[in-house]
Each structure stands twice: as structure tokens, then as C-alpha cells.
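Q: My file is protein-v8.cif. It has mmCIF, C-alpha atoms:
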```
data_model
#
loop_
_atom_site.label_atom_id
_atom_site.label_comp_id
_atom_site.auth_asym_id
_atom_site.auth_seq_id
_atom_site.Cartn_x
_atom_site.Cartn_y
_atom_site.Cartn_z
CA MET A 1 -35.49 -4.17 26.03
CA PRO A 2 -37.70 -3.69 22.94
CA ARG A 3 -35.89 -2.12 20.02
CA PRO A 4 -37.93 1.15 19.99
CA LEU A 5 -36.84 1.82 23.60
CA ARG A 6 -33.13 1.05 23.12
CA PRO A 7 -32.19 4.74 22.68
CA LEU A 8 -33.01 5.16 26.38
CA LEU A 9 -29.91 3.09 27.18
CA ARG A 10 -27.58 4.97 24.84
CA GLY A 11 -25.43 7.70 26.27
CA ALA A 12 -25.53 9.56 22.95
CA THR A 13 -29.26 10.24 23.45
CA TYR A 14 -28.55 12.33 26.52
CA THR A 15 -25.35 13.98 25.30
CA ARG A 16 -27.23 15.09 22.18
CA LEU A 17 -29.95 16.58 24.36
CA LEU A 18 -27.28 18.40 26.34
CA HIS A 19 -25.82 19.71 23.06
CA LEU A 20 -29.25 21.14 22.17
CA TRP A 21 -29.66 22.74 25.58
CA VAL A 22 -26.30 24.59 25.60
CA PRO A 23 -27.23 27.49 23.27
CA MET A 24 -30.49 27.95 25.17
CA LEU A 25 -28.50 28.99 28.23
CA ALA A 26 -27.28 32.10 26.39
CA VAL A 27 -30.78 32.75 25.06
CA SER A 28 -32.22 32.47 28.57
CA VAL A 29 -29.74 35.04 29.86
CA TRP A 30 -30.71 37.44 27.10
CA LEU A 31 -34.44 36.93 27.65
CA PHE A 32 -33.88 37.69 31.31
CA ILE A 33 -32.32 41.00 30.21
CA ASP A 34 -34.82 41.95 27.48
CA MET A 35 -37.88 39.78 26.87
CA SER A 36 -39.14 41.97 24.02
CA THR A 37 -36.29 41.17 21.58
CA PRO A 38 -35.90 37.37 21.50
CA TRP A 39 -34.45 37.58 17.98
CA VAL A 40 -31.24 39.35 19.06
CA PRO A 41 -29.30 36.16 19.95
CA ALA A 42 -30.02 34.70 16.51
CA LEU A 43 -28.84 37.95 14.90
CA LEU A 44 -25.60 37.91 16.88
CA LEU A 45 -24.83 34.40 15.63
CA VAL A 46 -24.31 35.70 12.08
CA PRO A 47 -21.05 37.62 12.68
CA LEU A 48 -20.01 35.00 15.24
CA GLY A 49 -20.26 32.21 12.68
CA LEU A 50 -18.03 34.12 10.26
CA LEU A 51 -15.08 33.84 12.65
CA PRO A 52 -12.82 30.98 11.46
CA GLY A 53 -12.23 29.56 14.93
CA VAL A 54 -15.94 29.09 15.67
CA ARG A 55 -16.08 26.18 13.23
CA ARG A 56 -13.36 24.40 15.17
CA GLY A 57 -15.17 24.90 18.48
CA GLU A 58 -18.49 23.73 17.09
CA GLY A 59 -16.81 20.72 15.50
CA VAL A 60 -15.19 19.71 18.79
CA GLN A 61 -18.52 20.04 20.63
CA ALA A 62 -20.33 18.07 17.95
CA ARG A 63 -17.81 15.24 18.06
CA LEU A 64 -17.91 15.01 21.84
CA LEU A 65 -21.66 15.29 22.33
CA LEU A 66 -23.29 14.17 19.07
CA THR A 67 -20.99 11.32 18.04
CA PRO A 68 -19.43 10.03 21.27
CA GLY A 69 -17.42 6.87 20.76
CA GLU A 70 -17.06 7.20 16.99
CA ARG A 71 -13.43 6.95 15.90
CA GLU A 72 -13.64 9.01 12.73
CA PRO A 73 -16.87 11.03 12.69
CA ASP A 74 -17.44 12.95 9.49
CA ILE A 75 -17.22 16.29 11.32
CA ALA A 76 -14.36 18.72 10.80
CA VAL A 77 -12.42 20.23 13.70
CA THR A 78 -10.47 22.79 11.68
CA PRO A 79 -11.07 26.55 11.34
CA SER A 80 -13.02 27.86 8.38
CA ALA A 81 -10.72 28.16 5.38
CA THR A 82 -13.19 29.56 2.84
CA TRP A 83 -16.24 31.75 2.83
CA ARG A 84 -18.32 28.69 2.01
CA ASP A 85 -17.18 27.09 5.28
CA ARG A 86 -18.06 30.28 7.17
CA LEU A 87 -21.54 30.46 5.68
CA ARG A 88 -22.11 26.80 6.48
CA THR A 89 -21.10 27.55 10.06
CA VAL A 90 -23.59 30.42 10.24
CA VAL A 91 -26.38 28.16 8.96
CA TRP A 92 -25.34 25.52 11.47
CA LEU A 93 -25.52 27.97 14.39
CA GLN A 94 -29.00 29.11 13.36
CA ALA A 95 -30.20 25.52 12.94
CA ARG A 96 -28.71 24.53 16.28
CA MET A 97 -30.51 27.38 18.04
CA LEU A 98 -33.82 26.57 16.34
CA LEU A 99 -33.62 22.89 17.24
CA GLY A 100 -32.42 23.80 20.72
CA ALA A 101 -35.51 25.99 21.22
CA ALA A 102 -37.75 23.10 20.15
CA ALA A 103 -35.93 20.73 22.52
CA MET A 104 -36.14 23.19 25.42
CA PHE A 105 -39.83 23.85 24.84
CA GLY A 106 -40.63 20.14 24.62
CA THR A 107 -38.61 19.08 27.66
CA VAL A 108 -40.22 21.80 29.78
CA TRP A 109 -43.87 21.77 28.68
CA LEU A 110 -44.54 18.16 27.77
CA PRO A 111 -43.84 16.86 31.30
CA ILE A 112 -45.96 19.72 32.68
CA LEU A 113 -48.79 18.73 30.34
CA SER A 114 -48.60 15.12 31.49
CA PHE A 115 -48.66 16.20 35.12
CA GLU A 116 -51.68 18.47 34.56
CA LEU A 117 -53.58 15.66 32.83
CA VAL A 118 -53.00 13.42 35.83
CA SER A 119 -54.18 16.23 38.11
CA ALA A 120 -57.31 16.69 36.00
CA ALA A 121 -58.01 12.96 36.22
CA LEU A 122 -57.81 13.25 40.02
CA GLY A 123 -60.40 16.05 40.05
CA HIS A 124 -58.21 19.15 40.01
CA ARG A 125 -58.76 21.87 37.46
CA VAL A 126 -55.98 22.50 34.93
CA SER A 127 -54.57 25.99 35.39
CA ASP A 128 -51.09 26.10 33.84
CA VAL A 129 -51.75 24.75 30.32
CA PRO A 130 -53.55 26.89 27.71
CA PHE A 131 -56.72 25.40 26.20
CA LEU A 132 -56.93 22.75 28.93
CA ASP A 133 -57.69 25.27 31.68
CA ARG A 134 -61.22 25.63 30.25
CA LEU A 135 -62.02 21.91 30.46
CA PRO A 136 -63.60 20.41 33.55
CA PRO A 137 -61.77 17.63 35.44
CA HIS A 138 -62.48 14.09 34.22
CA ARG A 139 -61.06 10.63 34.87
CA ALA A 140 -60.61 10.06 31.16
CA TYR A 141 -57.60 12.37 31.23
CA ALA A 142 -55.64 9.55 32.92
CA PHE A 143 -55.54 7.73 29.57
CA LEU A 144 -54.10 10.83 27.86
CA ALA A 145 -51.39 11.46 30.45
CA PRO A 146 -48.79 9.09 28.87
CA LEU A 147 -49.11 10.71 25.44
CA PRO A 148 -47.02 13.82 26.25
CA LEU A 149 -44.26 11.58 27.67
CA LEU A 150 -44.26 9.49 24.48
CA ALA A 151 -44.10 12.70 22.47
CA LEU A 152 -41.20 13.87 24.63
CA TYR A 153 -39.35 10.61 23.98
CA GLY A 154 -39.88 10.91 20.23
CA LEU A 155 -38.89 14.58 20.29
CA VAL A 156 -35.62 13.99 22.15
CA VAL A 157 -34.57 11.04 19.99
CA GLY A 158 -35.72 12.63 16.74
CA LEU A 159 -34.09 16.00 17.38
CA GLY A 160 -30.88 14.22 18.42
CA GLU A 161 -30.76 12.32 15.13
CA LEU A 162 -31.64 15.44 13.16
CA VAL A 163 -29.01 17.67 14.77
CA THR A 164 -26.38 14.95 14.25
CA ALA A 165 -27.27 14.67 10.57
CA LEU A 166 -27.11 18.44 10.19
CA ALA A 167 -23.73 18.53 11.93
CA ARG A 168 -22.32 16.00 9.47
CA ARG A 169 -23.74 18.06 6.62
CA LEU A 170 -22.86 21.59 7.74
CA LEU A 171 -19.72 20.93 9.79
CA GLY A 172 -18.44 18.12 7.62
CA PRO A 173 -15.17 18.45 5.69
CA SER A 174 -15.23 20.55 2.53
CA PRO A 175 -14.23 18.94 -0.80
CA ALA A 176 -10.74 20.43 -0.44
CA GLU A 177 -10.40 19.01 3.08
CA ARG A 178 -11.62 15.60 1.93
CA LEU A 179 -9.05 15.64 -0.87
CA ALA A 180 -6.29 16.63 1.57
CA ALA A 181 -7.31 13.84 3.95
CA LEU A 182 -7.32 11.35 1.08
CA GLU A 183 -3.86 12.47 -0.01
CA GLU A 184 -2.58 12.17 3.56
CA ARG A 185 -4.05 8.67 3.85
CA THR A 186 -2.45 7.73 0.54
CA GLU A 187 0.91 9.02 1.76
CA GLN A 188 0.56 6.96 4.92
CA LEU A 189 -0.20 3.82 2.94
CA LEU A 190 2.73 4.48 0.62
CA GLU A 191 4.99 4.99 3.61
CA ARG A 192 3.86 1.71 5.14
CA THR A 193 4.48 -0.04 1.84
CA ARG A 194 7.94 1.50 1.62
CA ILE A 195 8.76 0.44 5.17
CA ALA A 196 7.55 -3.10 4.49
CA ARG A 197 9.69 -3.27 1.36
CA GLU A 198 12.68 -1.85 3.22
CA LEU A 199 12.34 -4.45 5.96
CA HIS A 200 12.04 -7.15 3.32
CA ASP A 201 15.25 -5.97 1.67
CA SER A 202 17.26 -5.48 4.84
CA ILE A 203 16.16 -8.50 6.88
CA GLY A 204 16.02 -10.71 3.80
CA HIS A 205 19.58 -9.80 2.92
CA ALA A 206 20.81 -10.50 6.46
CA LEU A 207 19.03 -13.87 6.66
CA THR A 208 20.31 -14.90 3.24
CA VAL A 209 23.89 -14.08 4.20
CA ALA A 210 23.50 -15.92 7.51
CA VAL A 211 22.08 -19.04 5.86
CA VAL A 212 24.74 -19.12 3.16
CA GLN A 213 27.55 -18.57 5.66
CA ALA A 214 26.25 -21.18 8.08
CA GLY A 215 25.90 -23.75 5.29
CA ALA A 216 29.38 -23.03 3.97
CA ALA A 217 30.93 -23.24 7.44
CA ARG A 218 29.30 -26.58 8.12
CA ALA A 219 30.45 -27.95 4.75
CA ALA A 220 34.02 -26.62 5.08
CA ARG A 221 34.64 -28.03 8.58
CA ASP A 222 37.50 -25.54 8.91
CA PRO A 223 37.74 -23.69 12.25
CA GLU A 224 39.33 -20.64 10.65
CA PHE A 225 36.65 -20.43 7.95
CA THR A 226 33.96 -20.97 10.59
CA ASP A 227 35.31 -18.04 12.60
CA ARG A 228 35.17 -15.80 9.52
CA ALA A 229 31.66 -17.02 8.74
CA LEU A 230 30.45 -16.31 12.27
CA ALA A 231 32.02 -12.84 12.14
CA ALA A 232 30.24 -12.11 8.86
CA ILE A 233 26.94 -13.36 10.30
CA GLU A 234 27.45 -11.16 13.37
CA ASP A 235 28.20 -8.03 11.30
CA THR A 236 25.29 -8.62 8.95
CA GLY A 237 22.92 -9.35 11.81
CA ARG A 238 24.00 -6.23 13.67
CA ALA A 239 23.38 -4.06 10.60
CA ALA A 240 19.96 -5.67 10.14
CA LEU A 241 19.09 -4.99 13.78
CA GLU A 242 20.06 -1.34 13.34
CA ASP A 243 17.80 -1.11 10.29
CA LEU A 244 14.98 -2.82 12.19
CA GLU A 245 15.31 -0.49 15.19
CA ARG A 246 15.34 2.59 12.95
CA VAL A 247 12.24 1.49 11.03
CA LEU A 248 10.39 0.63 14.24
CA GLY A 249 11.32 4.09 15.52
CA VAL A 250 9.71 5.61 12.45
CA LEU A 251 6.55 3.57 13.07
CA ARG A 252 6.43 4.66 16.70
CA GLU A 253 6.86 8.32 15.76
CA ALA A 254 4.72 8.90 12.69
CA GLU A 255 5.72 12.57 12.47
CA ARG A 256 9.41 11.92 12.68
CA PRO A 257 11.26 12.39 9.34
CA VAL A 258 12.93 9.38 7.76
CA THR A 259 16.62 9.93 8.49
CA ALA A 260 19.81 7.93 8.78
CA ARG A 261 18.82 5.53 6.01
CA PRO A 262 21.88 4.02 4.30
CA THR A 263 22.92 5.50 0.97
CA LEU A 264 25.10 4.41 -1.93
CA ALA A 265 28.00 6.13 -0.23
CA GLU A 266 27.88 3.11 2.12
CA ALA A 267 27.75 0.55 -0.70
CA ASP A 268 31.05 -0.96 0.47
CA ARG A 269 29.19 -2.44 3.42
CA LEU A 270 26.94 -4.38 1.08
CA LEU A 271 29.81 -5.52 -1.11
CA GLU A 272 31.83 -6.75 1.85
CA SER A 273 28.79 -8.58 3.19
CA ALA A 274 28.31 -10.35 -0.14
CA ARG A 275 32.02 -11.22 -0.28
CA ALA A 276 31.87 -12.58 3.26
CA ALA A 277 29.01 -14.82 2.12
CA GLY A 278 31.30 -16.35 -0.51
CA ALA A 279 30.39 -14.37 -3.61
CA GLU A 280 33.22 -13.12 -5.81
CA VAL A 281 32.24 -9.49 -6.20
CA ASP A 282 33.90 -7.44 -8.90
CA ALA A 283 32.76 -3.90 -8.11
CA GLU A 284 33.31 -0.66 -9.94
CA LEU A 285 31.97 2.52 -8.36
CA SER A 286 32.50 5.69 -10.33
CA GLY A 287 31.36 9.25 -10.05
CA PRO A 288 30.51 11.40 -7.02
CA LEU A 289 28.20 9.07 -5.08
CA GLU A 290 28.08 11.54 -2.17
CA SER A 291 26.50 14.20 -4.40
CA LEU A 292 23.47 12.10 -5.33
CA PRO A 293 20.08 13.41 -4.15
CA GLY A 294 18.94 11.72 -0.95
CA PRO A 295 16.01 9.75 -2.38
CA VAL A 296 18.03 8.49 -5.35
CA SER A 297 20.98 7.47 -3.19
CA ARG A 298 18.82 5.73 -0.56
CA GLU A 299 16.68 3.84 -3.03
CA GLY A 300 19.75 2.95 -5.10
CA TYR A 301 21.27 1.38 -1.99
CA ARG A 302 18.16 -0.74 -1.44
CA MET A 303 18.11 -1.83 -5.09
CA LEU A 304 21.74 -2.91 -4.89
CA GLN A 305 21.02 -4.72 -1.63
CA GLU A 306 18.06 -6.59 -3.12
CA SER A 307 20.07 -7.49 -6.23
CA LEU A 308 22.93 -8.97 -4.16
CA THR A 309 20.44 -10.78 -1.93
CA ASN A 310 18.86 -12.37 -5.00
CA VAL A 311 22.29 -13.52 -6.22
CA LEU A 312 23.06 -15.22 -2.91
CA ARG A 313 19.59 -16.68 -2.56
CA HIS A 314 19.17 -18.05 -6.08
CA ALA A 315 22.70 -18.53 -7.42
CA GLY A 316 24.83 -18.96 -4.31
CA ALA A 317 28.54 -18.09 -4.12
CA VAL A 318 29.10 -17.14 -7.76
CA PRO A 319 31.05 -14.31 -9.44
CA VAL A 320 29.11 -11.04 -9.40
CA ARG A 321 29.84 -7.92 -11.40
CA VAL A 322 28.62 -4.68 -9.89
CA ARG A 323 28.75 -1.37 -11.76
CA VAL A 324 27.55 1.86 -10.15
CA ALA A 325 28.15 5.03 -12.11
CA VAL A 326 27.08 8.62 -11.47
CA THR A 327 26.95 10.73 -14.61
CA ASP A 328 25.43 14.03 -15.64
CA GLY A 329 22.33 12.18 -16.80
CA GLY A 330 21.73 10.23 -13.61
CA LEU A 331 22.59 7.04 -11.77
CA ASP A 332 23.34 3.83 -13.65
CA LEU A 333 23.39 0.63 -11.59
CA GLU A 334 24.03 -2.86 -12.96
CA VAL A 335 24.44 -6.24 -11.27
CA ARG A 336 25.28 -9.36 -13.30
CA ASN A 337 25.92 -12.96 -12.30
CA PRO A 338 26.04 -16.36 -14.06
CA LEU A 339 22.57 -17.79 -14.58
CA PRO A 340 21.94 -21.31 -13.25
CA GLY A 341 19.34 -23.34 -15.10
CA ASP A 342 16.57 -22.95 -12.51
CA THR A 343 17.11 -19.29 -11.68
CA VAL A 344 14.71 -17.78 -14.19
CA GLY A 345 11.62 -19.40 -12.81
CA ALA A 346 12.67 -18.80 -9.23
CA ARG A 347 13.30 -15.12 -9.73
CA HIS A 348 10.13 -14.46 -11.62
CA GLY A 349 8.14 -15.69 -8.61
CA GLY A 350 9.64 -13.30 -6.03
CA SER A 351 8.62 -9.85 -4.91
CA GLY A 352 12.14 -8.40 -4.70
CA LEU A 353 12.51 -7.75 -8.42
CA ARG A 354 9.06 -6.23 -8.56
CA GLY A 355 10.08 -3.97 -5.68
CA ILE A 356 13.16 -2.83 -7.63
CA ARG A 357 11.00 -1.92 -10.62
CA GLU A 358 8.49 -0.10 -8.40
CA ARG A 359 11.23 1.89 -6.67
CA ALA A 360 12.69 2.93 -10.01
CA ALA A 361 9.28 3.93 -11.39
CA LEU A 362 8.53 6.10 -8.34
CA LEU A 363 11.75 8.02 -8.94
CA GLY A 364 10.99 8.52 -12.63
CA GLY A 365 13.51 5.94 -13.79
CA ARG A 366 13.33 2.40 -15.06
CA ALA A 367 14.65 -1.02 -14.12
CA ARG A 368 15.15 -4.03 -16.37
CA THR A 369 15.64 -7.49 -14.93
CA GLY A 370 16.08 -10.80 -16.69
CA PRO A 371 18.48 -13.17 -18.41
CA GLU A 372 20.98 -11.84 -20.94
CA THR A 373 23.71 -13.85 -22.71
CA GLY A 374 23.96 -16.46 -20.00
CA ASP A 375 23.83 -13.99 -17.10
CA TRP A 376 21.10 -12.69 -14.86
CA ARG A 377 21.14 -8.93 -15.22
CA VAL A 378 19.60 -6.16 -13.13
CA HIS A 379 19.98 -2.76 -14.78
CA VAL A 380 18.59 0.38 -13.17
CA GLU A 381 18.63 3.91 -14.56
CA LEU A 382 17.56 6.77 -12.29
CA PRO A 383 17.46 10.50 -13.08
CA VAL A 384 19.14 12.84 -10.62
CA SER A 385 17.08 15.94 -11.29
#
```
Translate this file's structure into C-alpha cells.
A:
Amino acid sequence: MPRPLRPLLRGATYTRLLHLWVPMLAVSVWLFIDMSTPWVPALLLVPLGLLPGVRRGEGVQARLLLTPGEREPDIAVTPSATWRDRLRTVVWLQARMLLGAAAMFGTVWLPILSFELVSAALGHRVSDVPFLDRLPPHRAYAFLAPLPLLALYGLVVGLGELVTALARRLLGPSPAERLAALEERTEQLLERTRIARELHDSIGHALTVAVVQAGAARAARDPEFTDRALAAIEDTGRAALEDLERVLGVLREAERPVTARPTLAEADRLLESARAAGAEVDAELSGPLESLPGPVSREGYRMLQESLTNVLRHAGAVPVRVRVAVTDGGLDLEVRNPLPGDTVGARHGGSGLRGIRERAALLGGRARTGPETGDWRVHVELPVS
């Protein structure tokens, strides 16, 4: 079909026309009651548009009929929150009625005009159309008969586009609503980033422990050691599966709060996992870990997990010193291990250390990572208030 006629195949063309016809039903009822005051319906729309809920109803109608199929049309479906929103709704109602009157007039009289022109071409006198009822019948009117239908097509398509543009303008989100939507979108992106980082920490830790344990068991060729290694792999894998299931549950239920995330009160689980992987962990936990604020305790757990994972991944089964202290000033977390010759370059290329620094920065703290006097050191300081 030629491009100019493609709107005839679009469902939106006809739903927009229906949207323009709807207010005319109320006007028709009023005109049936009192033909001498056609301005009353427009006057009644002023107080109606000031009601907060009217904006929601008009927004829902506009989305369904003016922008069918669009995923995120720029039309609000929330009640009016300010007087500016209410005034915009009043203007919208008046504009909708005006355009609806034009659409109703065109869809009624233009087909009648075309029919009368055909009748005049066949020798019948025009009687229902002003100005044409004075003209005598003539065959030449047959050439004019398609013009009203073309005008009707242009009117329907043009008014549909115009009312849609006005809906986006007058029913669109206010600056405050746009800012709120942007903040919500930002929070969603941050939450997705946090979940991705959490999966990286949890699954990465489990896989690292499994690989190290499997390699050690194969090298040891000791049935008793192999049994311990398999038990450690099973425990670590089960914990990782629990983390995975919980995170997937959060993704499936976007409104569900993030709960049951491990905290530093469960740090022994990490330390035992690292010991089971062959690392010699010298741990010192001091202070009331249970009293830490939730975000600090949860993120501290993930930082400790990532630090131990890095030790196992890059240094292997080496001595590790872990210090976790809760003081009046905040949380102090330190992980140190001997530094092999190739560890610096390897660790600078990963995303785990960057994730530790990002977590600390989001909580208003700081994290320092790097070599120090022959050791690789991760030192995190987080405020608790």
C-alpha cells in the first residue's frame, strides 16, 4: 500500500477517532436536553478537571486509545499532585472536546456531502447541504464527490496525531514526576549492579574454593583428605546455591525487600571455608559485630568474602591474617597475605578489588588495596553512623 494510505491499516487511527468521539456522547445528551446552551458541557469541564483523579482517568484513556502498543508512552497515569497539573488537565479536557467536535462534524457531514454530490451528478437536486441546494444538478459533480472523502481521511488522521501530541504535552509527567521516575530508574540500575556484584562475590568464592580443593585432593592422593575436600566443596556449593536462590527471588519479586543476606556475624562461615580450601587463616574478630548497622554488616561480609576469594585465586593456600574490629568510630577490616611475584599484576586486572572500593565509597568509607612490606593488603574503614 502507498505510504500516504498506510494509516488506514493502523489500529491507532481508529482508536484515536474513538477517543475523540467519546466526549461528544455527553455533549449529544446535553444538546438533546437543551439545544440553546451548547456551552454548558465545556463550562462543567472546568471544575471536573480540577479533581485530582480525573488526570489519572484521562491518562489511562489516552494510553489505551491514543498510544496503543507503546510500552512507555510519555503520558502520566497518576492523580494531579499540583495546581499546575490540574490546570493542564482542564486545558486538556477543553482541547479534547474542541477536537472531538471537529471530528464529529467531519465524520458526519463530509460523507453526506460526498453522497449529495453523487446524487447531483445523477440528476437529483441537493437538498441537505447548505449552499449546494441552490445549484442545479450537473454531471461535473461526480469529479468533486471524492474530495470530501479525502478531506475526511486527512481530518481523521490529522486530528488523531494532534490529539496525541496534545496528550503528551498536557497529560505528560511534570518535572517533579520525571525526576522521581529518573531516581527510581537509577535505583533499579544500582540494585541490578549490586546484585551482579553480589553474585560475582558469592559464586566466585564458591568456584574458587571448589577448584582449589579439587586440585589439592588430586595432588594429595589421600582418601581421607579427598573426603574432607569433597565435604568442603559440598558445603561451599550449598551456601552458593542458597545465595543464588535468594538473589533470583529478589529479581523475580522486584518489590520484595532484600532480606536474609549474610552479615559479619556469620564471618566464621567464610573463615572455615577458606581454611577448608587449605589457607592458614589467623582471624581476630573483636567488638560487637551483631550491633553493626545492616548495610555496613552485609557489605562488610561481602568485602571479606571477596578478599578471601582473591587470596585463594591468586596466592593459593598461604597464611592469611584477618582482622575485623568494631569500634566507636566504625568498622575496621583488614586482610593480609604473602605476596607472590605475579600477584600484583593479576590483582590489578580484576573487578573484585574495584567492587570492594565501590562498596566502601557508597557507605561513606574507604578501601585501600595493594602491596605493603611483602604482603598484599586489603584495608577497609566504614563508618557506622
Q: Between A:Gly106, A:Gly100, A:Pro340, A:Gly352, which residue has the minimum interatomic distance to Gly204 of chain A, considering all atoms listed in the file?
A: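 The shortest atom-to-atom distance to Gly204 of chain A comes from A:Gly352.
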Q: Selected by the PyMOL selection byres ((chain A and resi 80) around 7) in the shown coordinates: which residues, as a PyMOL selection string?
A: chain A and resi 52-53+55+78-79+81-82+85-86
Q: List the residues sitting within 7 Å of (-60.1, 7.9, 33.1) in the file's frame, using only C-alpha atoms, as a PyMOL selection string.
A: chain A and resi 121+138-143
Q: On this structure, which residues satisfy the PyMOL selection byres ((chain A and resi 296) around 10), written as a CSV table (one decimal) with C-alpha atoms, keeping the file's coordinate frame?
A:
```
chain,number,residue,atom,x,y,z
A,263,THR,CA,22.9,5.5,1.0
A,264,LEU,CA,25.1,4.4,-1.9
A,292,LEU,CA,23.5,12.1,-5.3
A,293,PRO,CA,20.1,13.4,-4.2
A,294,GLY,CA,18.9,11.7,-1.0
A,295,PRO,CA,16.0,9.8,-2.4
A,297,SER,CA,21.0,7.5,-3.2
A,298,ARG,CA,18.8,5.7,-0.6
A,299,GLU,CA,16.7,3.8,-3.0
A,300,GLY,CA,19.8,3.0,-5.1
A,301,TYR,CA,21.3,1.4,-2.0
A,330,GLY,CA,21.7,10.2,-13.6
A,331,LEU,CA,22.6,7.0,-11.8
A,359,ARG,CA,11.2,1.9,-6.7
A,360,ALA,CA,12.7,2.9,-10.0
A,363,LEU,CA,11.8,8.0,-8.9
A,365,GLY,CA,13.5,5.9,-13.8
A,382,LEU,CA,17.6,6.8,-12.3
A,383,PRO,CA,17.5,10.5,-13.1
A,384,VAL,CA,19.1,12.8,-10.6
A,385,SER,CA,17.1,15.9,-11.3
```
Q: Quick one: residues within 7 Å of Asp332 of chain A, all atoms listed in the file counted, chain neighbours fewer than 2 positions away excluded, as a ChimeraX atom specification?
A: /A:324-326,330,334,380-382
Q: Just give me the gap between atom CA of Arg321 of chain A and atom CA of Arg336 of chain A in Å, one decimal is fine.
A: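 Between these atoms lies a distance of 5.1 Å.
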Q: Because the input lacks atoms here, generate all heavy atoms for segment 99-107 of chain A and report them as an mmCIF file, keeping the file's coordinate frame.
A:
```cif
data_model
loop_
_atom_site.group_PDB
_atom_site.id
_atom_site.type_symbol
_atom_site.label_atom_id
_atom_site.label_comp_id
_atom_site.auth_asym_id
_atom_site.auth_seq_id
_atom_site.Cartn_x
_atom_site.Cartn_y
_atom_site.Cartn_z
ATOM 1 N N LEU A 99 -33.340 24.214 16.697
ATOM 2 C CA LEU A 99 -33.620 22.890 17.240
ATOM 3 C C LEU A 99 -33.492 22.891 18.766
ATOM 4 O O LEU A 99 -34.228 22.172 19.457
ATOM 5 C CB LEU A 99 -32.666 21.861 16.636
ATOM 6 C CG LEU A 99 -32.798 21.641 15.132
ATOM 7 C CD1 LEU A 99 -31.768 20.623 14.653
ATOM 8 C CD2 LEU A 99 -34.202 21.155 14.780
ATOM 9 N N GLY A 100 -32.547 23.698 19.270
ATOM 10 C CA GLY A 100 -32.420 23.800 20.720
ATOM 11 C C GLY A 100 -33.669 24.403 21.352
ATOM 12 O O GLY A 100 -34.095 23.977 22.431
ATOM 13 N N ALA A 101 -34.269 25.397 20.692
ATOM 14 C CA ALA A 101 -35.510 25.990 21.220
ATOM 15 C C ALA A 101 -36.629 24.957 21.252
ATOM 16 O O ALA A 101 -37.400 24.877 22.224
ATOM 17 C CB ALA A 101 -35.904 27.184 20.365
ATOM 18 N N ALA A 102 -36.725 24.141 20.184
ATOM 19 C CA ALA A 102 -37.750 23.100 20.150
ATOM 20 C C ALA A 102 -37.509 22.075 21.265
ATOM 21 O O ALA A 102 -38.461 21.624 21.927
ATOM 22 C CB ALA A 102 -37.744 22.414 18.784
ATOM 23 N N ALA A 103 -36.234 21.702 21.474
ATOM 24 C CA ALA A 103 -35.930 20.730 22.520
ATOM 25 C C ALA A 103 -36.243 21.303 23.900
ATOM 26 O O ALA A 103 -36.822 20.615 24.760
ATOM 27 C CB ALA A 103 -34.458 20.331 22.441
ATOM 28 N N MET A 104 -35.877 22.570 24.121
ATOM 29 C CA MET A 104 -36.140 23.190 25.420
ATOM 30 C C MET A 104 -37.640 23.309 25.685
ATOM 31 O O MET A 104 -38.122 22.995 26.782
ATOM 32 C CB MET A 104 -35.483 24.571 25.472
ATOM 33 C CG MET A 104 -35.650 25.286 26.810
ATOM 34 S SD MET A 104 -34.778 24.454 28.154
ATOM 35 C CE MET A 104 -33.075 24.882 27.750
ATOM 36 N N PHE A 105 -38.383 23.718 24.664
ATOM 37 C CA PHE A 105 -39.830 23.850 24.840
ATOM 38 C C PHE A 105 -40.456 22.496 25.155
ATOM 39 O O PHE A 105 -41.294 22.368 26.058
ATOM 40 C CB PHE A 105 -40.441 24.424 23.549
ATOM 41 C CG PHE A 105 -41.929 24.576 23.616
ATOM 42 C CD1 PHE A 105 -42.495 25.718 24.171
ATOM 43 C CD2 PHE A 105 -42.768 23.589 23.127
ATOM 44 C CE1 PHE A 105 -43.889 25.853 24.234
ATOM 45 C CE2 PHE A 105 -44.143 23.712 23.190
ATOM 46 C CZ PHE A 105 -44.704 24.855 23.752
ATOM 47 N N GLY A 106 -40.038 21.461 24.401
ATOM 48 C CA GLY A 106 -40.630 20.140 24.620
ATOM 49 C C GLY A 106 -40.274 19.556 25.968
ATOM 50 O O GLY A 106 -41.136 18.986 26.658
ATOM 51 N N THR A 107 -39.021 19.690 26.396
ATOM 52 C CA THR A 107 -38.610 19.080 27.660
ATOM 53 C C THR A 107 -39.195 19.816 28.863
ATOM 54 O O THR A 107 -39.275 19.247 29.956
ATOM 55 C CB THR A 107 -37.076 19.059 27.771
ATOM 56 O OG1 THR A 107 -36.557 20.375 27.534
ATOM 57 C CG2 THR A 107 -36.471 18.110 26.768
#
```
